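Take a look at the structure below.
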Amino acid sequence: MNKISIKLGLLFLAFILVIEAGLFFYLYNGLANTRISEELEGLRLRGNSHRDVLEKHHDPATLSHVALMESEAETDVIIANEKGEIIRTSAPLLKGAKEAVEQWKGSSLAYQGEIMQGDWKSQPYIATASPIKVNKQSYGTVYMFKDTKDIQEMIARLQHHFYVVGAISVVFSIITIFALSKFITIPLIRMKQATQKLSQGDFSVRLGAHSRDELGQLGTSIQTLANELQRLKQERNEFLSSISHELQTPLTYLKGYADVAKRQSNSEDERNKYLNIIQEEAQRLSQLLKDLFQLAQLDQHTFLIQKQKIELYTYLKNIVEHFDLALKEKDIRLDFNCPKGIEFNIDPERFQQVVVNLLDNALKYSDDETEISLSVEKLPKRVNIVFKDQGIGIPSTDLPYVFDKLYRVEKSRSRKSGGHGLGLSIVKEIVEAHGGKVTIESKLGQGTTVKISLREDV
Ligand SMILES: Nc1ncnc2c1ncn2[C@@H]1O[C@H](COP(=O)(O)OP(=O)(O)OP(=O)(O)O)[C@@H](O)[C@H]1O
Ligand SMILES: [Mg+2]
C-alpha cells in the first residue's frame, strides 16, 4: 500500500471509474429512452394508419380486416364507436386491455393520436389512442396495445451489453493504469534505490540516461551529487594518505636525531646541533599542523571573513617590510608598486596570510640577485594585485595542480625549502572567500606570476 505506483494507480483508477460510470449511465439512458420512444411512436403511427383506413371505409368489412391484421401482429387493436363502446377487437387480446378502454371512455383525444399508457416498466402493456373523424364528426377510436414484455426484454439485453462492455473496460483500465503508473514510477524507484545506496556510503551510483522533465532533472541532480560525493571521498582518502606521509617524515627525523643526540659519545657541540635540528623539525611540524587546521576551517566555512576598509599602500608596505631581512640575505630586490589612497574591503588578518604566502614562495623559489615585484592596479570596481618573480618557474605539467593541498613540484626539495605544499591552497581559499580569483602563470627557468583579482563589494 506504501508503493507510489499503487497509490498513483488507485487514484487514476478512481478518476477513470467515476468518468466511465458517468459516461455509461448517460449513454445507456440515451439509448434506452430512444428505443422506448421509437416503440411508442411506432404504435401511435400504426393506430393512426388504421384510423385513416377506417375513416375512408367505415364499414364492417374494413373493421374485420383491421382486427384480423392485428391478430397476426405483435400489437393488438380495440376499436370503439363514438359512444366509447367496443365494437371490434383483435384476438387474442392482452389481459386488461378491455377494462382500460372502458376507463378511457370519454377522454378527449388529439387527432394525431395520444399515448394512453407509456409506463413500460411496471404495466403489462403500452397503449395509444387515435380518434376516427369523418367530416369533423367523431366516429369512434382506434386503441393500439403492445405487450411490454418485449420492451423489457430488449432493455434487459441492452443492460446486459452495457454490463459486459463496462466490465471489460474496467479490466482494461486497471491493467493500463497500473502498467502506466509502474512505468512512470520506475525512475522514482531507481532514484530511491540510488539515494539509499548513497546514504550507505556507496557512491558508485549510475542512473543512466535522463529525460528532460522534472524526474529527469531530479535524476541528473542525484547523479551529480553521487559523483561529487565520490570525488570528495577520493579526495579525502588521498589527502589523508598525503597527510600521514607528510607527518611520517618529520617524525622519523625527530626520532632519528633524538636517538643520535642521546648517545653518550656526543660532544656538547654535536648534541646542540642535533637538538637544534630537533627543534627546527618540531617547529616545521607545528607549522604544518597550523596550516592544516586553517585549511580545515576554510573548507568548512566555519570562520567568517570580517572585511574592513583598508588603505592598500600602508597595509601592503607594512607586510613587505617584514621580508626586508630575508630579501637582503638573498640579495633580492623587491619592486613595490602601489598607488596610494586605494581603499578596499578585505579581512586584514586573513589577507595578510595571502600576501605572506605568495611573497614567501617568490622568495623561496628565486635565485640570489634576482628581482621580485608586487604591484597593485586599480580598475573600475576591482583591484588586481600581482606578484612577479624571476625564479625557477613551474613546469606546465605541474601548473594545474599547484593549488591542490600538499602539492609540491619537487617533492625532494621540500626539506631544503621547508614547504609542505599548503601555501597556495590557503591563498586560493582565502581569496575565494573574499569573492576574488587567483590565477598563476609560469615559465620554467624564467619566473612566475600570481595574479589576485578582487571585486569591489556591491
Ligand atoms: N613562485 C614560485 N616559483 C616557483 N615554484 C613555485 C612558486 N610558487 C609555488 N611554486 C611551486 O608550487 C608548489 C606549491 O606551492 P605552495 O606554496 O602551495 O607550497 P610550498 O611553498 O611548497 O609549501 P608551503 O607554502 O606550505 O610552505 C611549491 O612546492 C613549488 O614547487
Ligand atoms: Mg609556499
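Each chain of the C-alpha cells is named A, B, ... in the order shown, its residues numbered from 1; ligands are numbered from 1 in display order.
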Taking 5 positions as the minimum chain separation for residues in the same chain, which residues sit within 12 Å of Asp398 of chain A when counting only C-alpha atoms? Answer as a PDB file with N, CA, C and O atoms, in the first residue's frame.
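This went into part-v6.pdb:
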```pdb
ATOM      1  N   GLY A 393      60.505  28.988 -11.725  1.00  0.00           N
ATOM      2  CA  GLY A 393      59.322  28.686 -12.536  1.00  0.00           C
ATOM      3  C   GLY A 393      58.738  27.309 -12.226  1.00  0.00           C
ATOM      4  O   GLY A 393      59.313  26.520 -11.469  1.00  0.00           O
ATOM      5  N   PHE A 403      47.640  24.512  -6.782  1.00  0.00           N
ATOM      6  CA  PHE A 403      46.702  24.979  -5.743  1.00  0.00           C
ATOM      7  C   PHE A 403      46.132  23.816  -4.928  1.00  0.00           C
ATOM      8  O   PHE A 403      45.392  24.027  -3.983  1.00  0.00           O
ATOM      9  N   ASP A 404      46.448  22.584  -5.332  1.00  0.00           N
ATOM     10  CA  ASP A 404      45.962  21.425  -4.563  1.00  0.00           C
ATOM     11  C   ASP A 404      46.703  21.335  -3.236  1.00  0.00           C
ATOM     12  O   ASP A 404      47.880  21.706  -3.141  1.00  0.00           O
ATOM     13  N   TYR A 407      50.444  19.742  -2.576  1.00  0.00           N
ATOM     14  CA  TYR A 407      51.110  19.510  -3.856  1.00  0.00           C
ATOM     15  C   TYR A 407      52.402  20.304  -3.938  1.00  0.00           C
ATOM     16  O   TYR A 407      52.408  21.519  -3.742  1.00  0.00           O
ATOM     17  N   ARG A 408      53.483  19.613  -4.247  1.00  0.00           N
ATOM     18  CA  ARG A 408      54.774  20.284  -4.448  1.00  0.00           C
ATOM     19  C   ARG A 408      55.342  19.818  -5.774  1.00  0.00           C
ATOM     20  O   ARG A 408      55.183  18.663  -6.140  1.00  0.00           O
ATOM     21  N   VAL A 409      56.014  20.719  -6.453  1.00  0.00           N
ATOM     22  CA  VAL A 409      56.576  20.331  -7.749  1.00  0.00           C
ATOM     23  C   VAL A 409      57.705  19.333  -7.541  1.00  0.00           C
ATOM     24  O   VAL A 409      57.719  18.260  -8.126  1.00  0.00           O
ATOM     25  N   GLU A 410      58.628  19.693  -6.689  1.00  0.00           N
ATOM     26  CA  GLU A 410      59.736  18.778  -6.435  1.00  0.00           C
ATOM     27  C   GLU A 410      59.636  18.310  -5.004  1.00  0.00           C
ATOM     28  O   GLU A 410      59.932  19.048  -4.078  1.00  0.00           O
ATOM     29  N   LYS A 411      59.185  17.082  -4.863  1.00  0.00           N
ATOM     30  CA  LYS A 411      58.929  16.591  -3.506  1.00  0.00           C
ATOM     31  C   LYS A 411      60.210  16.640  -2.656  1.00  0.00           C
ATOM     32  O   LYS A 411      60.173  16.917  -1.471  1.00  0.00           O
ATOM     33  N   ILE A 440      47.570  31.750 -11.871  1.00  0.00           N
ATOM     34  CA  ILE A 440      49.034  31.644 -11.851  1.00  0.00           C
ATOM     35  C   ILE A 440      49.546  31.384 -13.271  1.00  0.00           C
ATOM     36  O   ILE A 440      48.915  30.653 -14.032  1.00  0.00           O
ATOM     37  N   GLU A 441      50.628  32.057 -13.603  1.00  0.00           N
ATOM     38  CA  GLU A 441      51.294  31.815 -14.889  1.00  0.00           C
ATOM     39  C   GLU A 441      52.757  31.594 -14.580  1.00  0.00           C
ATOM     40  O   GLU A 441      53.307  32.245 -13.690  1.00  0.00           O
ATOM     41  N   SER A 442      53.390  30.695 -15.338  1.00  0.00           N
ATOM     42  CA  SER A 442      54.783  30.433 -15.023  1.00  0.00           C
ATOM     43  C   SER A 442      55.516  29.878 -16.239  1.00  0.00           C
ATOM     44  O   SER A 442      54.934  29.173 -17.050  1.00  0.00           O
ATOM     45  N   LYS A 443      56.790  30.246 -16.353  1.00  0.00           N
ATOM     46  CA  LYS A 443      57.647  29.670 -17.408  1.00  0.00           C
ATOM     47  C   LYS A 443      58.854  29.072 -16.713  1.00  0.00           C
ATOM     48  O   LYS A 443      59.513  29.755 -15.913  1.00  0.00           O
ATOM     49  N   LEU A 444      59.117  27.829 -16.990  1.00  0.00           N
ATOM     50  CA  LEU A 444      60.225  27.133 -16.341  1.00  0.00           C
ATOM     51  C   LEU A 444      61.542  27.885 -16.601  1.00  0.00           C
ATOM     52  O   LEU A 444      61.861  28.212 -17.739  1.00  0.00           O
TER      53      LEU A 444
END
```
Mind dumping a table of every chain A residue within 7 Å of ligand 2, with the nearest atom pair and its distance in Å to one decimal, using only C-alpha atoms and all ligand atoms, sorted by chain and rising number, as CSV?
```
residue,atom,partner,partner_atom_place_in_ligand_line,distance
A:Asn357,CA,ligand 2,1 (Mg),5.5
A:Leu358,CA,ligand 2,1 (Mg),6.7
A:Asp360,CA,ligand 2,1 (Mg),6.1
A:Asn361,CA,ligand 2,1 (Mg),4.6
A:Gly419,CA,ligand 2,1 (Mg),5.8
A:Gly421,CA,ligand 2,1 (Mg),6.1
A:Leu422,CA,ligand 2,1 (Mg),6.5
A:Gly423,CA,ligand 2,1 (Mg),4.1
A:Leu424,CA,ligand 2,1 (Mg),6.1
```
Could you save the residues just selected, with N, CA, C and O atoms, as a PDB file, in the first residue's frame?
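The result, written out as out.pdb:
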```pdb
ATOM      1  N   ASN A 357      52.246  34.327   2.085  1.00  0.00           N
ATOM      2  CA  ASN A 357      52.479  33.056   1.385  1.00  0.00           C
ATOM      3  C   ASN A 357      53.040  33.287  -0.016  1.00  0.00           C
ATOM      4  O   ASN A 357      53.940  32.568  -0.453  1.00  0.00           O
ATOM      5  N   LEU A 358      52.492  34.275  -0.709  1.00  0.00           N
ATOM      6  CA  LEU A 358      52.941  34.499  -2.083  1.00  0.00           C
ATOM      7  C   LEU A 358      54.350  35.092  -2.122  1.00  0.00           C
ATOM      8  O   LEU A 358      55.174  34.708  -2.949  1.00  0.00           O
ATOM      9  N   ASP A 360      56.543  34.673   0.199  1.00  0.00           N
ATOM     10  CA  ASP A 360      57.386  33.573   0.671  1.00  0.00           C
ATOM     11  C   ASP A 360      57.766  32.654  -0.488  1.00  0.00           C
ATOM     12  O   ASP A 360      58.925  32.283  -0.657  1.00  0.00           O
ATOM     13  N   ASN A 361      56.778  32.319  -1.326  1.00  0.00           N
ATOM     14  CA  ASN A 361      57.054  31.480  -2.496  1.00  0.00           C
ATOM     15  C   ASN A 361      58.024  32.174  -3.442  1.00  0.00           C
ATOM     16  O   ASN A 361      58.995  31.574  -3.895  1.00  0.00           O
ATOM     17  N   GLY A 419      58.868  23.699   2.572  1.00  0.00           N
ATOM     18  CA  GLY A 419      57.440  23.814   2.250  1.00  0.00           C
ATOM     19  C   GLY A 419      56.699  22.499   2.349  1.00  0.00           C
ATOM     20  O   GLY A 419      57.275  21.415   2.234  1.00  0.00           O
ATOM     21  N   GLY A 421      53.563  22.390   0.710  1.00  0.00           N
ATOM     22  CA  GLY A 421      52.593  22.422  -0.394  1.00  0.00           C
ATOM     23  C   GLY A 421      51.218  22.866   0.048  1.00  0.00           C
ATOM     24  O   GLY A 421      50.209  22.491  -0.542  1.00  0.00           O
ATOM     25  N   LEU A 422      51.155  23.662   1.106  1.00  0.00           N
ATOM     26  CA  LEU A 422      49.848  24.144   1.585  1.00  0.00           C
ATOM     27  C   LEU A 422      49.627  25.630   1.323  1.00  0.00           C
ATOM     28  O   LEU A 422      48.496  26.110   1.299  1.00  0.00           O
ATOM     29  N   GLY A 423      50.769  26.348   1.105  1.00  0.00           N
ATOM     30  CA  GLY A 423      50.699  27.813   0.972  1.00  0.00           C
ATOM     31  C   GLY A 423      49.696  28.273  -0.068  1.00  0.00           C
ATOM     32  O   GLY A 423      48.812  29.093   0.219  1.00  0.00           O
ATOM     33  N   LEU A 424      49.783  27.731  -1.290  1.00  0.00           N
ATOM     34  CA  LEU A 424      48.901  28.194  -2.360  1.00  0.00           C
ATOM     35  C   LEU A 424      47.440  27.766  -2.138  1.00  0.00           C
ATOM     36  O   LEU A 424      46.523  28.488  -2.529  1.00  0.00           O
TER      37      LEU A 424
END
```
Hey, which of A:His160, A:Lys451, A:Arg51, A:Lys95 ends up closest to Gly113 of chain A? Count only C-alpha atoms.
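Among the listed residues, A:Arg51 lies closest to Gly113 of chain A.
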Apply DSSP to the backbone of this structure and, from segment 70-260 of chain A, keep only the residues in strand (DSSP E or B); write these as a PyMOL selection string.
chain A and resi 75-81+86-89+114-117+125-134+137-147
Would you list the contacts of Leu363 of chain A as JSON, numbers by chain, taking every protein, DNA or RNA residue within 9 Å and counting only C-alpha atoms, but skipping same-chain residues closer than 4 positions in sequence?
{"A": [326, 327, 330, 332, 358, 359, 367, 372, 389, 391]}
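Residue nearest Lys105 of chain A within the list A:Val142, A:Ile305, A:Val18, A:Met154: A:Val142 [criterion: smallest interatomic distance, only C-alpha atoms].
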Tell me, as a list in words, which residues lie within 9 Å of Phe24 of chain A, counting only C-alpha atoms; anything in the same chain fewer than 4 positions away does not count.
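What passes the distance filter is Ile19, Glu20, Tyr28, Asn29, Phe162 and Gly166 of chain A.
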Write the selection just made, keeping C-alpha atoms, as a CSV table (one decimal), in the first residue's frame?
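Output (result.csv):
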```
chain,number,residue,atom,x,y,z
A,19,ILE,CA,-15.8,9.2,-15.5
A,20,GLU,CA,-16.6,5.8,-17.1
A,28,TYR,CA,-27.4,3.8,-21.6
A,29,ASN,CA,-30.2,6.2,-20.7
A,162,PHE,CA,-23.5,-2.5,-21.0
A,166,GLY,CA,-18.4,-1.9,-18.7
```
Can you work out which one of A:Trp120, A:Trp104, A:Tyr401, A:Tyr315 has the shortest atom-to-atom distance to ligand 1, counting only C-alpha atoms and all ligand atoms?
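Nearest to ligand 1: A:Tyr401.
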Nearby residues (only C-alpha atoms) at most 8 Å from Met116 of chain A, same-chain spacing under 2 positions excluded, as a list in words
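In the requested format, the answer is Glu114, Gly118, Ile126, Ala127, Thr128 and Ala129 of chain A.
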Counting only C-alpha atoms, the residue of A:Arg35, A:Lys136, A:Lys340, A:Lys146 that sits nearest Ile78 of chain A:
A:Lys146
Choose the residue, out of A:Arg284, A:Arg350, A:His57, A:His434, that has the smallest atom-to-atom separation from ligand 1; count only C-alpha atoms and all ligand atoms.
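Looking only at the distances to ligand 1, the closest residue turns out to be A:Arg284.
Every protein, DNA or RNA residue with an atom at most 12 Å from Asn276 of chain A, where only C-alpha atoms count and chain neighbours fewer than 4 positions away do not, is listed here: Leu254, Tyr257, Ala258, Ala261, Asp269, Glu270, Arg271, Asn272, Glu280, Glu281, Ala282 and Gln283 of chain A.
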Which residues are close to Glu349 of chain A, i.e. within 10 Å by only C-alpha atoms, leaving aside same-chain residues fewer than 5 positions away? Reply as JSON, numbers by chain.
{"A": [305, 306, 307, 354]}
